[in-house]
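Novice: First the structure, which I've put down as structure tokens, then a few questions once you've had a look.
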Amino acid sequence: MKRTRTRVKEIIAKELVDCDVTVMGWIRSLRNSKNFSFMAINDGSCQSNFQVVLDASLENYSVVSALLAGSAVSATGKLVRSNGKGQQIEMQASEVEVIGIADQNYPLQKKATSLEFLRENAHLRCRTNTFGAVFRVRNALAFATHKFFQERGFYYLNTPIITASDCEGAGELFQVTTLDLERVKNEGVDYSKDYYGKRSYLTVSGQLEAETYAMGMGQVYTFGPTFRAENSNTSRHLSEFWMVEPEVAFADLEEIASLASDYLKYLIGEALTTCPEEMEFLQKTYKEDLLTTLTHVRDSEFVKITYTEAINILSSSKKKFDYPVSFGLDLQTEHERYLTEEHFHTPVIVTDYPKEIKAFYMKQNSDGKTVRAMDILVPGIGEIIGGSQRECDLEKLTKKIESMGQNPQDYWWYLDLRRYGSAPHAGFGLGFERAVMYITGMNNIRDVVPYPRYPKSAEF
Ligand code: 4AD
Ligand code: MG
């Protein structure tokens, strides 16, 4: 007879007792005493393990009481209130079926395993408390992202993953080609013979396409994978990461900055209310002030300063930086972290950066030096959001593209937005993994994405 599964989360939430159910999951631990055993299983539905009490009178007691951690089982029996500490409800098993055994080679047989070790076993790590928590919170944040934007009348837009343009102009592109590299070596490259008839890449951002849809549908957001071939082996960079990019027509920088801080606060609020057990676990295990800090950030105004003010704060600080501070400096993580961690102790919105260090599409200020850019910096990470008001003046934008040594013709469709019904518009990009890091308190971005991609690493 095929049994229906009841998820542990449901048993706890509905406080199911005095009824018979079947639970299926993986053994986390097994403790034998004289006439019975306690089996802790986890079915992935929630942080809590579920205790199954095995009586020695069970038909296959000798088999199930000898199972090792990692084995998959199906346990059927009566739910009762538990006297033991650690759980409210447990099961008195009447039948336990062994679905798949794990032997002593199961890599997670030992309880304490380092995050590095688990990274090498990324295919199994969601079976630990830490990664169960991280990925349930990640799921909640993805759902919250859609809720936030849908509640505000935004349309979800899927921008292309293969593109011919370099949105950020940083040249950190993965090329996409069907050309035979061996033949190219001898015959030279002819991109007209390539699949798309021109050079093409994996996208670094969906922004340019999102702009075209905002300038017709009013307000849209993307939420998809982006790729950067930067050689950054840090705890904050991935070469494949997910970005959330809202774009709003008729909006200016102020409007988009407050949308960005509302969104970040909303994410925090949703994590705290929908994943309390996970958040408490993460606080206990990784960051002792996680909940108070996040609650404080959720409930307070973000500090807003201009880049020029940031430079003044940094240069009048006593701190020695690796990169010397002066106007024109591209803020490095050390500067971003000083501002948020040591000076303001809270997230900071920095606006109006020098035009030389920002992307070509940003609206030029009348001072001739700065652009209407906005970054949100948070303690522990630095930049989590980058955005701007877009240049909507055809002539200024064309000149800017030319000054980068590029051909405006290649941007014809992007420039069309400035030819036909041009209007102020603005948007930002939130690095989804950086947000997950910030909210879970995890220190390494490789631990908040299922299978991290970074230089020399694309296992799994
Ligand atoms: O600041 P960035 O480069 O901005 C853009 O791509 C704009 N087109 C966004 C927009 O205005 N629509 O990237 C946005 C965010 C950063 O603030 C950071 O959080 C994240 O993306 N990010 C990365 N996250 C992980 N690994 C990397 N290599 C990242 N590069 C950027
Ligand atoms: Mg940026």
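Starting from 1 in every chain, residues are counted up; chains themselves are A, B, ... following the order of the structure tokens, and ligands are numbered from 1 as listed.
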Quick one: residues within 8 Å of ligand 1, with only C-alpha atoms and all ligand atoms, as an NGL selection string?
Specialist: :A and (167-168 or 204-208 or 227-228 or 230 or 232 or 236-247 or 375-376 or 383-388 or 426-435 or 445)
Novice: Write out as a list of chain:residue names the residues lying within 12 Å of A:Ser315, counting only C-alpha atoms and excluding same-chain residues fewer than 2 positions away.
Specialist: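 Counting only C-alpha atoms, the residues come to A:Thr308, A:Glu309, A:Ala310, A:Ile311, A:Asn312, A:Ile313, A:Ser317, A:Lys318, A:Lys319, A:Lys320, A:Phe321, A:Tyr323, A:Pro324, A:Val325, A:Ser326, A:Phe327, A:Leu329, A:His335, A:Tyr338, A:Leu339.
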Novice: Taking N, CA and C atoms for each residue, export the selection above as an mmCIF file, in the first residue's frame.
Specialist:
```cif
data_model
loop_
_atom_site.group_PDB
_atom_site.id
_atom_site.type_symbol
_atom_site.label_atom_id
_atom_site.label_comp_id
_atom_site.auth_asym_id
_atom_site.auth_seq_id
_atom_site.Cartn_x
_atom_site.Cartn_y
_atom_site.Cartn_z
ATOM 1 N N THR A 308 30.767 62.608 -2.221
ATOM 2 C CA THR A 308 31.703 63.632 -1.752
ATOM 3 C C THR A 308 31.748 63.650 -0.225
ATOM 4 N N GLU A 309 30.571 63.537 0.404
ATOM 5 C CA GLU A 309 30.549 63.475 1.869
ATOM 6 C C GLU A 309 31.261 62.209 2.369
ATOM 7 N N ALA A 310 31.057 61.105 1.654
ATOM 8 C CA ALA A 310 31.724 59.846 2.053
ATOM 9 C C ALA A 310 33.232 60.011 2.012
ATOM 10 N N ILE A 311 33.734 60.654 0.955
ATOM 11 C CA ILE A 311 35.184 60.872 0.828
ATOM 12 C C ILE A 311 35.695 61.740 1.987
ATOM 13 N N ASN A 312 34.895 62.763 2.357
ATOM 14 C CA ASN A 312 35.306 63.612 3.478
ATOM 15 C C ASN A 312 35.379 62.836 4.782
ATOM 16 N N ILE A 313 34.393 61.968 5.003
ATOM 17 C CA ILE A 313 34.394 61.144 6.228
ATOM 18 C C ILE A 313 35.622 60.233 6.243
ATOM 19 N N SER A 317 39.088 60.339 8.732
ATOM 20 C CA SER A 317 39.190 59.269 9.732
ATOM 21 C C SER A 317 40.666 58.952 9.983
ATOM 22 N N LYS A 318 40.936 58.336 11.129
ATOM 23 C CA LYS A 318 42.328 58.020 11.473
ATOM 24 C C LYS A 318 42.781 56.702 10.836
ATOM 25 N N LYS A 319 41.820 56.014 10.217
ATOM 26 C CA LYS A 319 42.072 54.669 9.708
ATOM 27 C C LYS A 319 43.061 54.662 8.533
ATOM 28 N N LYS A 320 43.964 53.670 8.536
ATOM 29 C CA LYS A 320 44.884 53.493 7.405
ATOM 30 C C LYS A 320 44.224 52.562 6.386
ATOM 31 N N PHE A 321 44.006 53.055 5.170
ATOM 32 C CA PHE A 321 43.418 52.222 4.122
ATOM 33 C C PHE A 321 44.480 51.767 3.139
ATOM 34 N N TYR A 323 43.933 51.437 -0.060
ATOM 35 C CA TYR A 323 43.754 52.344 -1.202
ATOM 36 C C TYR A 323 43.566 53.754 -0.656
ATOM 37 N N PRO A 324 44.507 54.676 -0.955
ATOM 38 C CA PRO A 324 44.417 56.032 -0.403
ATOM 39 C C PRO A 324 43.147 56.757 -0.881
ATOM 40 N N VAL A 325 42.632 57.593 0.025
ATOM 41 C CA VAL A 325 41.341 58.228 -0.231
ATOM 42 C C VAL A 325 41.500 59.606 -0.861
ATOM 43 N N SER A 326 40.856 59.816 -2.015
ATOM 44 C CA SER A 326 40.729 61.163 -2.573
ATOM 45 C C SER A 326 39.570 61.121 -3.553
ATOM 46 N N PHE A 327 39.035 62.294 -3.910
ATOM 47 C CA PHE A 327 37.899 62.346 -4.826
ATOM 48 C C PHE A 327 38.280 61.636 -6.131
ATOM 49 N N LEU A 329 38.285 58.257 -6.212
ATOM 50 C CA LEU A 329 38.543 56.867 -5.797
ATOM 51 C C LEU A 329 37.283 56.014 -5.975
ATOM 52 N N HIS A 335 36.641 50.650 2.351
ATOM 53 C CA HIS A 335 36.020 51.958 2.595
ATOM 54 C C HIS A 335 34.526 51.791 2.887
ATOM 55 N N TYR A 338 34.141 50.514 6.328
ATOM 56 C CA TYR A 338 34.409 51.534 7.345
ATOM 57 C C TYR A 338 33.159 52.411 7.544
ATOM 58 N N LEU A 339 32.582 52.848 6.443
ATOM 59 C CA LEU A 339 31.410 53.733 6.521
ATOM 60 C C LEU A 339 30.261 53.068 7.274
#
```
Novice: Tell me, as a PyMOL selection string, which residues lie within 8 Å of A:Tyr201, counting only C-alpha atoms; anything in the same chain fewer than 3 positions away does not count.
Specialist: chain A and resi 162-165+173-176
Novice: For the selection you just gave me, I'd like the residues written to a file as a PDB file, in the first residue's frame, keeping all heavy atoms.
Specialist:
```
ATOM      1  N   ILE A 162      21.391  35.467 -23.086  1.00  0.00           N
ATOM      2  CA  ILE A 162      22.421  35.682 -24.106  1.00  0.00           C
ATOM      3  C   ILE A 162      22.188  37.054 -24.726  1.00  0.00           C
ATOM      4  O   ILE A 162      21.059  37.395 -25.070  1.00  0.00           O
ATOM      5  CB  ILE A 162      22.358  34.588 -25.183  1.00  0.00           C
ATOM      6  CG1 ILE A 162      22.625  33.220 -24.550  1.00  0.00           C
ATOM      7  CG2 ILE A 162      23.366  34.872 -26.299  1.00  0.00           C
ATOM      8  CD1 ILE A 162      22.455  32.051 -25.498  1.00  0.00           C
ATOM      9  N   THR A 163      23.229  37.816 -24.840  1.00  0.00           N
ATOM     10  CA  THR A 163      23.078  39.187 -25.321  1.00  0.00           C
ATOM     11  C   THR A 163      24.322  39.604 -26.096  1.00  0.00           C
ATOM     12  O   THR A 163      25.384  38.996 -25.939  1.00  0.00           O
ATOM     13  CB  THR A 163      22.848  40.150 -24.131  1.00  0.00           C
ATOM     14  OG1 THR A 163      22.903  41.488 -24.583  1.00  0.00           O
ATOM     15  CG2 THR A 163      23.911  39.969 -23.068  1.00  0.00           C
ATOM     16  N   ALA A 164      24.167  40.667 -26.891  1.00  0.00           N
ATOM     17  CA  ALA A 164      25.337  41.157 -27.622  1.00  0.00           C
ATOM     18  C   ALA A 164      25.914  42.401 -26.966  1.00  0.00           C
ATOM     19  O   ALA A 164      26.922  42.938 -27.411  1.00  0.00           O
ATOM     20  CB  ALA A 164      24.953  41.459 -29.072  1.00  0.00           C
ATOM     21  N   SER A 165      25.273  42.881 -25.873  1.00  0.00           N
ATOM     22  CA  SER A 165      25.773  44.136 -25.294  1.00  0.00           C
ATOM     23  C   SER A 165      26.368  43.927 -23.908  1.00  0.00           C
ATOM     24  O   SER A 165      25.968  43.035 -23.167  1.00  0.00           O
ATOM     25  CB  SER A 165      24.643  45.165 -25.229  1.00  0.00           C
ATOM     26  OG  SER A 165      23.563  44.645 -24.509  1.00  0.00           O
ATOM     27  N   LEU A 173      33.054  39.685 -19.487  1.00  0.00           N
ATOM     28  CA  LEU A 173      32.029  38.904 -20.170  1.00  0.00           C
ATOM     29  C   LEU A 173      32.455  37.477 -20.461  1.00  0.00           C
ATOM     30  O   LEU A 173      33.601  37.217 -20.824  1.00  0.00           O
ATOM     31  CB  LEU A 173      31.714  39.594 -21.504  1.00  0.00           C
ATOM     32  CG  LEU A 173      31.202  41.020 -21.375  1.00  0.00           C
ATOM     33  CD1 LEU A 173      31.530  41.822 -22.623  1.00  0.00           C
ATOM     34  CD2 LEU A 173      29.716  41.021 -21.133  1.00  0.00           C
ATOM     35  N   PHE A 174      31.518  36.564 -20.325  1.00  0.00           N
ATOM     36  CA  PHE A 174      31.716  35.205 -20.818  1.00  0.00           C
ATOM     37  C   PHE A 174      31.185  35.187 -22.244  1.00  0.00           C
ATOM     38  O   PHE A 174      30.013  35.488 -22.472  1.00  0.00           O
ATOM     39  CB  PHE A 174      30.915  34.190 -19.992  1.00  0.00           C
ATOM     40  CG  PHE A 174      31.492  33.914 -18.640  1.00  0.00           C
ATOM     41  CD1 PHE A 174      30.926  34.481 -17.505  1.00  0.00           C
ATOM     42  CD2 PHE A 174      32.576  33.064 -18.486  1.00  0.00           C
ATOM     43  CE1 PHE A 174      31.447  34.212 -16.239  1.00  0.00           C
ATOM     44  CE2 PHE A 174      33.102  32.791 -17.226  1.00  0.00           C
ATOM     45  CZ  PHE A 174      32.533  33.366 -16.106  1.00  0.00           C
ATOM     46  N   GLN A 175      32.052  34.802 -23.170  1.00  0.00           N
ATOM     47  CA  GLN A 175      31.616  34.792 -24.563  1.00  0.00           C
ATOM     48  C   GLN A 175      30.823  33.514 -24.850  1.00  0.00           C
ATOM     49  O   GLN A 175      31.118  32.450 -24.315  1.00  0.00           O
ATOM     50  CB  GLN A 175      32.858  34.855 -25.454  1.00  0.00           C
ATOM     51  CG  GLN A 175      32.540  35.288 -26.851  1.00  0.00           C
ATOM     52  CD  GLN A 175      33.778  35.651 -27.639  1.00  0.00           C
ATOM     53  OE1 GLN A 175      34.817  35.984 -27.060  1.00  0.00           O
ATOM     54  NE2 GLN A 175      33.661  35.603 -28.946  1.00  0.00           N
ATOM     55  N   VAL A 176      29.814  33.666 -25.700  1.00  0.00           N
ATOM     56  CA  VAL A 176      29.018  32.512 -26.130  1.00  0.00           C
ATOM     57  C   VAL A 176      29.299  32.299 -27.614  1.00  0.00           C
ATOM     58  O   VAL A 176      29.118  33.221 -28.410  1.00  0.00           O
ATOM     59  CB  VAL A 176      27.511  32.790 -25.948  1.00  0.00           C
ATOM     60  CG1 VAL A 176      26.678  31.651 -26.510  1.00  0.00           C
ATOM     61  CG2 VAL A 176      27.176  33.006 -24.476  1.00  0.00           C
TER      62      VAL A 176
END
```
Novice: Mind listing the helix (DSSP H, G or I) residues of stretch 156-377 of chain A, per DSSP on the backbone, as an MDAnalysis selection string?
Specialist: chainID A and resid 181:187 191:193 207:217 253:274 276:285 290:299 307:315 333:344 355:357
Novice: Report as number ranges by chain all protein, DNA and RNA residues lying within 8 Å of A:Leu291, evaluated on only C-alpha atoms, omitting residues in the same chain fewer than 2 positions from it.
Specialist: A: 272, 279-280, 283, 289, 293-295
Novice: Take the residues that were just selected and, keeping all heavy atoms, output them as an mmCIF file, in the first residue's frame.
Specialist:
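part-v4.cif, freshly written:
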```
data_model
loop_
_atom_site.group_PDB
_atom_site.id
_atom_site.type_symbol
_atom_site.label_atom_id
_atom_site.label_comp_id
_atom_site.auth_asym_id
_atom_site.auth_seq_id
_atom_site.Cartn_x
_atom_site.Cartn_y
_atom_site.Cartn_z
ATOM 1 N N LEU A 272 12.335 37.329 8.993
ATOM 2 C CA LEU A 272 12.088 37.230 10.437
ATOM 3 C C LEU A 272 10.730 36.602 10.739
ATOM 4 O O LEU A 272 10.596 35.804 11.663
ATOM 5 C CB LEU A 272 12.186 38.617 11.094
ATOM 6 C CG LEU A 272 13.580 39.263 11.098
ATOM 7 C CD1 LEU A 272 13.510 40.689 11.623
ATOM 8 C CD2 LEU A 272 14.574 38.447 11.919
ATOM 9 N N MET A 279 16.104 31.501 11.458
ATOM 10 C CA MET A 279 16.850 32.705 11.828
ATOM 11 C C MET A 279 17.448 32.555 13.232
ATOM 12 O O MET A 279 18.569 32.992 13.492
ATOM 13 C CB MET A 279 15.938 33.937 11.743
ATOM 14 C CG MET A 279 15.467 34.268 10.332
ATOM 15 S SD MET A 279 16.825 34.580 9.168
ATOM 16 C CE MET A 279 17.434 36.136 9.794
ATOM 17 N N GLU A 280 16.703 31.940 14.122
ATOM 18 C CA GLU A 280 17.241 31.728 15.456
ATOM 19 C C GLU A 280 18.435 30.767 15.434
ATOM 20 O O GLU A 280 19.428 30.983 16.121
ATOM 21 C CB GLU A 280 16.162 31.190 16.386
ATOM 22 C CG GLU A 280 15.905 32.129 17.534
ATOM 23 C CD GLU A 280 14.496 32.004 18.047
ATOM 24 O OE1 GLU A 280 14.165 30.894 18.505
ATOM 25 O OE2 GLU A 280 13.743 32.996 17.970
ATOM 26 N N GLN A 283 21.404 32.654 14.126
ATOM 27 C CA GLN A 283 21.935 33.558 15.156
ATOM 28 C C GLN A 283 22.765 32.770 16.171
ATOM 29 O O GLN A 283 23.885 33.144 16.498
ATOM 30 C CB GLN A 283 20.788 34.280 15.858
ATOM 31 C CG GLN A 283 21.188 34.865 17.202
ATOM 32 C CD GLN A 283 20.257 35.943 17.680
ATOM 33 O OE1 GLN A 283 20.323 37.085 17.254
ATOM 34 N NE2 GLN A 283 19.372 35.580 18.577
ATOM 35 N N ASP A 289 24.377 38.599 17.240
ATOM 36 C CA ASP A 289 23.440 39.725 17.311
ATOM 37 C C ASP A 289 22.574 39.826 16.053
ATOM 38 O O ASP A 289 22.006 40.872 15.756
ATOM 39 C CB ASP A 289 24.220 41.025 17.518
ATOM 40 C CG ASP A 289 25.238 41.240 16.398
ATOM 41 O OD1 ASP A 289 25.450 40.287 15.603
ATOM 42 O OD2 ASP A 289 25.807 42.335 16.305
ATOM 43 N N THR A 293 20.153 43.094 15.257
ATOM 44 C CA THR A 293 20.658 43.986 14.205
ATOM 45 C C THR A 293 19.648 44.101 13.070
ATOM 46 O O THR A 293 19.320 45.200 12.622
ATOM 47 C CB THR A 293 21.981 43.433 13.625
ATOM 48 O OG1 THR A 293 22.855 43.163 14.694
ATOM 49 C CG2 THR A 293 22.625 44.425 12.683
ATOM 50 N N LEU A 294 19.142 42.968 12.613
ATOM 51 C CA LEU A 294 18.205 43.010 11.488
ATOM 52 C C LEU A 294 16.912 43.739 11.871
ATOM 53 O O LEU A 294 16.380 44.523 11.080
ATOM 54 C CB LEU A 294 17.881 41.596 11.002
ATOM 55 C CG LEU A 294 19.012 40.858 10.269
ATOM 56 C CD1 LEU A 294 18.567 39.446 9.904
ATOM 57 C CD2 LEU A 294 19.459 41.602 9.016
ATOM 58 N N THR A 295 16.434 43.480 13.087
ATOM 59 C CA THR A 295 15.207 44.154 13.518
ATOM 60 C C THR A 295 15.425 45.667 13.542
ATOM 61 O O THR A 295 14.579 46.441 13.092
ATOM 62 C CB THR A 295 14.790 43.661 14.927
ATOM 63 O OG1 THR A 295 14.759 42.236 14.884
ATOM 64 C CG2 THR A 295 13.429 44.179 15.319
#
```
Novice: Which residue gives the smallest distance to A:Gly224 among A:Val378, A:Cys392, A:Ala69, A:Ala142, with only C-alpha atoms counted?
Specialist: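 Closest to A:Gly224 of all the choices is A:Ala142.
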